[in-house]
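So the structure is just underneath, and the comments pick up after that.
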Amino acid sequence: MFSLKERLQQILLRDNILKQEDLDRALLEQKDSGGDLSQVLVRMNLISEDDLTHILSEGLGLPPIDISRLKIDPNVVKLIPRDVAEKYQIMPVSKMGGNLTLAMADPLNIFVIDDVKALTGLSITPIIARSTQLAQAIERCYAQDAPESGETLESIIKDMRDAEELELVKEQDLDSEKVSVEDISQDAPLIKLTDTIIQQAVMAKASDVFIEPLEKTLRIRYRVDGVIREIDQMSKALHLAIISRLKVVSNLDISERRIPQDGRFRTILSGNKEVDFRVNVLPTVFGEKIVLRVLDKSAGAVDINNLGFQPEDLRRLKECADKPHGMILSCGPTGSGKTTTLYSILRHIDSPGKNIVTVEDPVEYQMAGLNQVNVKPTVGLTFASTLRSILRQDPDVIMIGEIRESETLDIAVKAALTGHLVVSSLHTTTAAGSIVRMVNMGVEPFLICSSVIAIVGQRLLRRICPKCKEEFVLSQEMAEKVGLGLKGDIRLFRGKGCKSCLKTGYSGRVGIAEVLILTPSVRKGILQRAGELQIKMAGRREGMTTMREDAMAKAFAGLTTMEEVLRVTAPDEPLKDEPGV
């Protein structure tokens, strides 16, 4: 399976258009200066635009077009603003039904296609055209189609330099609980730009949106399936407007730019889909950086049966969750799905006969039937103080969003010892490592043995795109690298890369986990203050499946790739046969 860049290189060398040394020189220039390889080749005069057009046409299987001979319908031209067409070197050619044919100088840029799709609401069919012809067509078509009403992006930026905050304050009469992106995108292109960034993030199933000021530009990046992708770089002049806009809808102080701020807002997208955004503003040397955590409300309804646990691990975890008291911990780094696991456990045990209270910072998913508390340390509402008050309200189940300090851990352990079921998360790399972390935080081993009943260590792997999934034979080198002692052909799966997955071969994520049950053997090791490795060994002898073993099982099942297994999980130590720890 070859990438688009590799296919382009193959054609250049196969047809003797370039020598290997010229191609190497272009690749080095691309590494230093950035940009697409096709643009670098033309800039270095190694190939002509005509040759590039034919090469891209053959390599991508897309038809070329001489756009200078086309007469384009003015109504089609209006679908894309001039500044967008000039920036991306694109030109709308024709519209049939819900499909827009788009002439592009660089059809390799998938993000441009996604931007135009979000802007127009149409499916995009790309075709290839010379960049010089596109520039002439843009000048010709848009000169005859000056905007009849409304402001250009440039004029809005100019106005904002004088009265930017005054204009944005007008948005404060919006309902702070539910801000409809579609309803408020009618007033100005700048507002529409901000809302498009938000909409595209949801469409791309991003977990985070990074709006970052650099020295001369403003960079937009999404984290999709755990990997950060740069979406666009735009004028630095837009920075203050976008930041202020997001501060207003998040109920933050737009005049305060010296200290970090936290907020949240909710959007209603098409189809009445509600999505929450957690907002964090951080002052940097080049201006305020905003990170939006996308909290899709539909994700809060995940069933514990659909999280990808191995059948035996799922059975054991459910048994622990059904117990009347004790502590269940979910551990892993940020973005490993801990909150989803905690909410799925609460959904599994929720009933009208139980008093369930959560304390979080902040409340990520609002779940019907639960009493959810959002801590506010600035006014003294900390995890510890909230937990003390919760214990006076006779709860059956307590969920603590994250145990960060010794005081919260001490209260949680005591709550588990006094007849409450406590579920919480802890930042450690493995399930066994949570035991060592709790001891280091000051909890006596005998209290851990008496309170903790199960620990879930987890990660998220990228899932193979189902639309371009293909089977292949694993190389012997890779088999040895992952420690597979199997003989003969090992058949696995991978994604070829398609438009649906943005040529990555991955779409969505799948969870892997290890469930450490505190059996008598494990408790014995804890009381003896055994290390992480010894506790892990004891758990494995009691039937615990490690994260590496779970990941390998999912690779053989065709859910993920062996590359993801190696990227995310660490190898397991050889399992020793001696009894005990």
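By convention in this document, the chains of the structure tokens carry letters A, B, ... by their order, each chain's residues are numbered from 1, and ligands are numbered from 1 in the order they are shown.
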
Proximity check region 211-280 of chain A to region 455-474 of chain A, 10 Å, nearest pairs one decimal Å, only C-alpha atoms, as CSV:
residue,atom,partner,partner_atom,distance
A:Val224,CA,A:Arg462,CA,9.5
A:Asp225,CA,A:Arg462,CA,5.9
A:Gly226,CA,A:Arg462,CA,7.6
A:Val227,CA,A:Arg462,CA,9.1

Checklist line | Contacts of Ala206 (chain A) within 8 Å, only C-alpha atoms, excl. fewer than 2 positions in-chain, as a ChimeraX atom specification | finding: /A:201-204,208-209,222-225,294

Notebook entry, point to check: If we count only C-alpha atoms, what is near Gly332 (chain A) at a cut-off of 8 Å, once residues fewer than 2 positions away on the same chain are taken out, given as a list in words?
Noted result: Ser330, Thr334, Ser336, Lys338, Leu426, His427, Thr428, Thr429, Thr430, Gly457, Gln458 and Arg459 of chain A

Only all heavy atoms, please: the residues just picked out, written as a PDB file, in the first residue's frame.
ATOM      1  N   SER A 330     -10.237   3.449  37.664  1.00  0.00           N
ATOM      2  CA  SER A 330      -9.888   3.397  36.246  1.00  0.00           C
ATOM      3  C   SER A 330      -8.630   4.224  36.072  1.00  0.00           C
ATOM      4  O   SER A 330      -8.581   5.386  36.502  1.00  0.00           O
ATOM      5  CB  SER A 330     -11.019   3.953  35.388  1.00  0.00           C
ATOM      6  OG  SER A 330     -10.637   4.026  34.030  1.00  0.00           O
ATOM      7  N   THR A 334      -4.182  10.905  30.169  1.00  0.00           N
ATOM      8  CA  THR A 334      -5.267  11.751  29.665  1.00  0.00           C
ATOM      9  C   THR A 334      -5.697  11.274  28.280  1.00  0.00           C
ATOM     10  O   THR A 334      -4.868  10.986  27.424  1.00  0.00           O
ATOM     11  CB  THR A 334      -4.793  13.214  29.586  1.00  0.00           C
ATOM     12  OG1 THR A 334      -4.402  13.649  30.884  1.00  0.00           O
ATOM     13  CG2 THR A 334      -5.906  14.112  29.070  1.00  0.00           C
ATOM     14  N   SER A 336      -7.507   8.512  27.607  1.00  0.00           N
ATOM     15  CA  SER A 336      -7.500   7.058  27.432  1.00  0.00           C
ATOM     16  C   SER A 336      -8.875   6.438  27.663  1.00  0.00           C
ATOM     17  O   SER A 336      -9.004   5.214  27.664  1.00  0.00           O
ATOM     18  CB  SER A 336      -6.480   6.417  28.389  1.00  0.00           C
ATOM     19  OG  SER A 336      -6.777   6.724  29.741  1.00  0.00           O
ATOM     20  N   LYS A 338     -10.987   6.994  30.421  1.00  0.00           N
ATOM     21  CA  LYS A 338     -11.324   6.687  31.823  1.00  0.00           C
ATOM     22  C   LYS A 338     -12.726   7.172  32.181  1.00  0.00           C
ATOM     23  O   LYS A 338     -13.500   6.440  32.809  1.00  0.00           O
ATOM     24  CB  LYS A 338     -10.304   7.337  32.766  1.00  0.00           C
ATOM     25  CG  LYS A 338      -8.877   6.855  32.576  1.00  0.00           C
ATOM     26  CD  LYS A 338      -7.949   7.386  33.630  1.00  0.00           C
ATOM     27  CE  LYS A 338      -7.842   8.897  33.636  1.00  0.00           C
ATOM     28  NZ  LYS A 338      -7.248   9.438  32.391  1.00  0.00           N
ATOM     29  N   LEU A 426      -7.484   7.482  38.246  1.00  0.00           N
ATOM     30  CA  LEU A 426      -6.158   7.776  38.772  1.00  0.00           C
ATOM     31  C   LEU A 426      -5.189   7.779  37.592  1.00  0.00           C
ATOM     32  O   LEU A 426      -5.280   6.929  36.705  1.00  0.00           O
ATOM     33  CB  LEU A 426      -5.764   6.700  39.793  1.00  0.00           C
ATOM     34  CG  LEU A 426      -4.632   6.998  40.774  1.00  0.00           C
ATOM     35  CD1 LEU A 426      -4.986   8.171  41.673  1.00  0.00           C
ATOM     36  CD2 LEU A 426      -4.352   5.765  41.629  1.00  0.00           C
ATOM     37  N   HIS A 427      -4.272   8.740  37.584  1.00  0.00           N
ATOM     38  CA  HIS A 427      -3.319   8.829  36.469  1.00  0.00           C
ATOM     39  C   HIS A 427      -2.109   7.940  36.735  1.00  0.00           C
ATOM     40  O   HIS A 427      -1.111   8.366  37.324  1.00  0.00           O
ATOM     41  CB  HIS A 427      -2.871  10.278  36.263  1.00  0.00           C
ATOM     42  CG  HIS A 427      -3.836  11.090  35.483  1.00  0.00           C
ATOM     43  ND1 HIS A 427      -3.874  11.097  34.106  1.00  0.00           N
ATOM     44  CD2 HIS A 427      -4.839  11.912  35.881  1.00  0.00           C
ATOM     45  CE1 HIS A 427      -4.841  11.900  33.690  1.00  0.00           C
ATOM     46  NE2 HIS A 427      -5.441  12.413  34.747  1.00  0.00           N
ATOM     47  N   THR A 428      -2.185   6.704  36.306  1.00  0.00           N
ATOM     48  CA  THR A 428      -1.042   5.790  36.334  1.00  0.00           C
ATOM     49  C   THR A 428      -1.006   5.033  35.018  1.00  0.00           C
ATOM     50  O   THR A 428      -1.997   5.008  34.275  1.00  0.00           O
ATOM     51  CB  THR A 428      -1.142   4.793  37.509  1.00  0.00           C
ATOM     52  OG1 THR A 428      -2.369   4.062  37.400  1.00  0.00           O
ATOM     53  CG2 THR A 428      -1.097   5.507  38.847  1.00  0.00           C
ATOM     54  N   THR A 429       0.103   4.394  34.734  1.00  0.00           N
ATOM     55  CA  THR A 429       0.252   3.748  33.429  1.00  0.00           C
ATOM     56  C   THR A 429      -0.338   2.350  33.387  1.00  0.00           C
ATOM     57  O   THR A 429      -0.750   1.888  32.319  1.00  0.00           O
ATOM     58  CB  THR A 429       1.739   3.678  33.034  1.00  0.00           C
ATOM     59  OG1 THR A 429       2.468   3.023  34.083  1.00  0.00           O
ATOM     60  CG2 THR A 429       2.307   5.074  32.837  1.00  0.00           C
ATOM     61  N   THR A 430      -0.364   1.643  34.522  1.00  0.00           N
ATOM     62  CA  THR A 430      -0.883   0.278  34.552  1.00  0.00           C
ATOM     63  C   THR A 430      -1.794   0.101  35.756  1.00  0.00           C
ATOM     64  O   THR A 430      -1.782   0.907  36.695  1.00  0.00           O
ATOM     65  CB  THR A 430       0.254  -0.762  34.646  1.00  0.00           C
ATOM     66  OG1 THR A 430       0.944  -0.588  35.897  1.00  0.00           O
ATOM     67  CG2 THR A 430       1.239  -0.608  33.498  1.00  0.00           C
ATOM     68  N   GLY A 457      -6.941  -0.790  34.051  1.00  0.00           N
ATOM     69  CA  GLY A 457      -5.961  -0.027  33.278  1.00  0.00           C
ATOM     70  C   GLY A 457      -6.386  -0.022  31.818  1.00  0.00           C
ATOM     71  O   GLY A 457      -6.781  -1.065  31.289  1.00  0.00           O
ATOM     72  N   GLN A 458      -6.331   1.125  31.143  1.00  0.00           N
ATOM     73  CA  GLN A 458      -6.879   1.166  29.789  1.00  0.00           C
ATOM     74  C   GLN A 458      -6.139   2.143  28.879  1.00  0.00           C
ATOM     75  O   GLN A 458      -5.442   3.049  29.324  1.00  0.00           O
ATOM     76  CB  GLN A 458      -8.365   1.518  29.839  1.00  0.00           C
ATOM     77  CG  GLN A 458      -8.689   2.863  30.478  1.00  0.00           C
ATOM     78  CD  GLN A 458     -10.186   3.048  30.650  1.00  0.00           C
ATOM     79  OE1 GLN A 458     -10.761   2.641  31.655  1.00  0.00           O
ATOM     80  NE2 GLN A 458     -10.815   3.661  29.655  1.00  0.00           N
ATOM     81  N   ARG A 459      -6.318   1.921  27.589  1.00  0.00           N
ATOM     82  CA  ARG A 459      -5.800   2.780  26.530  1.00  0.00           C
ATOM     83  C   ARG A 459      -6.801   2.755  25.372  1.00  0.00           C
ATOM     84  O   ARG A 459      -7.721   1.931  25.352  1.00  0.00           O
ATOM     85  CB  ARG A 459      -4.451   2.278  26.004  1.00  0.00           C
ATOM     86  CG  ARG A 459      -3.323   2.282  26.998  1.00  0.00           C
ATOM     87  CD  ARG A 459      -2.824   3.672  27.337  1.00  0.00           C
ATOM     88  NE  ARG A 459      -1.600   3.581  28.120  1.00  0.00           N
ATOM     89  CZ  ARG A 459      -1.559   3.324  29.422  1.00  0.00           C
ATOM     90  NH1 ARG A 459      -2.693   3.127  30.083  1.00  0.00           N
ATOM     91  NH2 ARG A 459      -0.404   3.272  30.071  1.00  0.00           N
TER      92      ARG A 459
END

Check: Any idea what's packed within 12 Å of Ser48 (chain A), counting only C-alpha atoms, ignoring anything in its chain fewer than 4 positions away? Could you give it as an MDAnalysis selection string?
Finding: chainID A and resid 17:18 38:44 52:55 130:132

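Candidate residues A:Phe446, A:Phe309, A:Phe265, A:Tyr142 were compared for distance to Val77 (chain A), and the nearest is A:Tyr142, using only C-alpha atoms.
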
Notebook entry, point to check: Which residues come within 12 Å of Leu391 (chain A), counting only C-alpha atoms, excluding same-chain residues fewer than 2 positions away, as an MDAnalysis selection string?
Noted result: chainID A and resid 355:359 384:389 393:399 411:412 414:416 418:422

Residues of the last selection are to be written out with N, CA and C atoms, as an mmCIF file, in the first residue's frame.
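What landed in part_21.cif:
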data_model
loop_
_atom_site.group_PDB
_atom_site.id
_atom_site.type_symbol
_atom_site.label_atom_id
_atom_site.label_comp_id
_atom_site.auth_asym_id
_atom_site.auth_seq_id
_atom_site.Cartn_x
_atom_site.Cartn_y
_atom_site.Cartn_z
ATOM 1 N N ASN A 355 -28.946 6.076 45.427
ATOM 2 C CA ASN A 355 -28.586 7.487 45.475
ATOM 3 C C ASN A 355 -27.149 7.611 44.966
ATOM 4 N N ILE A 356 -27.001 8.094 43.725
ATOM 5 C CA ILE A 356 -25.685 8.192 43.091
ATOM 6 C C ILE A 356 -25.294 9.656 42.974
ATOM 7 N N VAL A 357 -24.112 9.981 43.484
ATOM 8 C CA VAL A 357 -23.619 11.357 43.465
ATOM 9 C C VAL A 357 -22.240 11.366 42.817
ATOM 10 N N THR A 358 -21.986 12.343 41.950
ATOM 11 C CA THR A 358 -20.666 12.490 41.335
ATOM 12 C C THR A 358 -20.074 13.834 41.714
ATOM 13 N N VAL A 359 -18.754 13.884 41.826
ATOM 14 C CA VAL A 359 -18.032 15.138 42.026
ATOM 15 C C VAL A 359 -16.916 15.174 40.987
ATOM 16 N N ALA A 384 -12.200 17.484 48.212
ATOM 17 C CA ALA A 384 -12.268 17.021 49.600
ATOM 18 C C ALA A 384 -13.480 17.590 50.338
ATOM 19 N N SER A 385 -13.701 18.904 50.216
ATOM 20 C CA SER A 385 -14.827 19.511 50.928
ATOM 21 C C SER A 385 -16.161 19.016 50.387
ATOM 22 N N THR A 386 -16.233 18.802 49.051
ATOM 23 C CA THR A 386 -17.470 18.295 48.452
ATOM 24 C C THR A 386 -17.750 16.868 48.916
ATOM 25 N N LEU A 387 -16.709 16.047 48.979
ATOM 26 C CA LEU A 387 -16.897 14.662 49.417
ATOM 27 C C LEU A 387 -17.399 14.591 50.851
ATOM 28 N N ARG A 388 -16.908 15.469 51.718
ATOM 29 C CA ARG A 388 -17.375 15.477 53.104
ATOM 30 C C ARG A 388 -18.869 15.779 53.158
ATOM 31 N N SER A 389 -19.307 16.727 52.338
ATOM 32 C CA SER A 389 -20.744 17.058 52.313
ATOM 33 C C SER A 389 -21.567 15.934 51.708
ATOM 34 N N GLN A 393 -25.094 13.010 52.900
ATOM 35 C CA GLN A 393 -26.358 12.887 52.168
ATOM 36 C C GLN A 393 -26.711 11.432 51.884
ATOM 37 N N ASP A 394 -26.103 10.537 52.590
ATOM 38 C CA ASP A 394 -26.416 9.105 52.520
ATOM 39 C C ASP A 394 -26.377 8.572 51.090
ATOM 40 N N PRO A 395 -25.239 8.698 50.414
ATOM 41 C CA PRO A 395 -25.154 8.165 49.043
ATOM 42 C C PRO A 395 -24.906 6.657 49.053
ATOM 43 N N ASP A 396 -25.366 6.006 48.004
ATOM 44 C CA ASP A 396 -25.031 4.593 47.806
ATOM 45 C C ASP A 396 -23.773 4.449 46.950
ATOM 46 N N VAL A 397 -23.678 5.304 45.941
ATOM 47 C CA VAL A 397 -22.547 5.255 45.009
ATOM 48 C C VAL A 397 -21.979 6.662 44.863
ATOM 49 N N ILE A 398 -20.661 6.767 44.911
ATOM 50 C CA ILE A 398 -19.975 8.049 44.736
ATOM 51 C C ILE A 398 -18.989 7.908 43.581
ATOM 52 N N MET A 399 -19.067 8.834 42.638
ATOM 53 C CA MET A 399 -18.072 8.871 41.574
ATOM 54 C C MET A 399 -17.208 10.111 41.751
ATOM 55 N N ILE A 411 -10.278 10.322 51.872
ATOM 56 C CA ILE A 411 -11.738 10.341 52.051
ATOM 57 C C ILE A 411 -12.385 9.244 51.220
ATOM 58 N N ALA A 412 -11.884 9.023 49.983
ATOM 59 C CA ALA A 412 -12.460 7.994 49.114
ATOM 60 C C ALA A 412 -12.289 6.606 49.723
ATOM 61 N N LYS A 414 -11.916 5.854 52.918
ATOM 62 C CA LYS A 414 -12.788 5.737 54.090
ATOM 63 C C LYS A 414 -14.249 5.556 53.689
ATOM 64 N N ALA A 415 -14.656 6.217 52.602
ATOM 65 C CA ALA A 415 -16.036 6.052 52.128
ATOM 66 C C ALA A 415 -16.267 4.621 51.666
ATOM 67 N N ALA A 416 -15.254 4.042 50.966
ATOM 68 C CA ALA A 416 -15.386 2.657 50.508
ATOM 69 C C ALA A 416 -15.425 1.690 51.679
ATOM 70 N N THR A 418 -16.745 2.331 54.595
ATOM 71 C CA THR A 418 -17.934 2.538 55.434
ATOM 72 C C THR A 418 -19.238 2.277 54.689
ATOM 73 N N GLY A 419 -19.163 1.417 53.674
ATOM 74 C CA GLY A 419 -20.401 0.955 53.061
ATOM 75 C C GLY A 419 -20.817 1.645 51.790
ATOM 76 N N HIS A 420 -19.918 2.374 51.131
ATOM 77 C CA HIS A 420 -20.253 3.047 49.873
ATOM 78 C C HIS A 420 -19.467 2.419 48.730
ATOM 79 N N LEU A 421 -20.068 2.414 47.541
ATOM 80 C CA LEU A 421 -19.343 2.016 46.344
ATOM 81 C C LEU A 421 -18.741 3.272 45.737
ATOM 82 N N VAL A 422 -17.424 3.310 45.609
ATOM 83 C CA VAL A 422 -16.716 4.480 45.087
ATOM 84 C C VAL A 422 -16.062 4.106 43.762
#

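Our summary of the geometry notes that CA of Leu527 (chain A) is positioned 8.8 Å from CA of Glu444 (chain A).
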
Margin query: Using DSSP assignments from the backbone, pull out every residue in region 368-553 of chain A that falls under helix (DSSP H, G or I) and give it to me as an NGL selection string.
Written below: :A and (377-379 or 383-391 or 406-417 or 431-440 or 445-451 or 476-481 or 520-527 or 532-541 or 547-553)
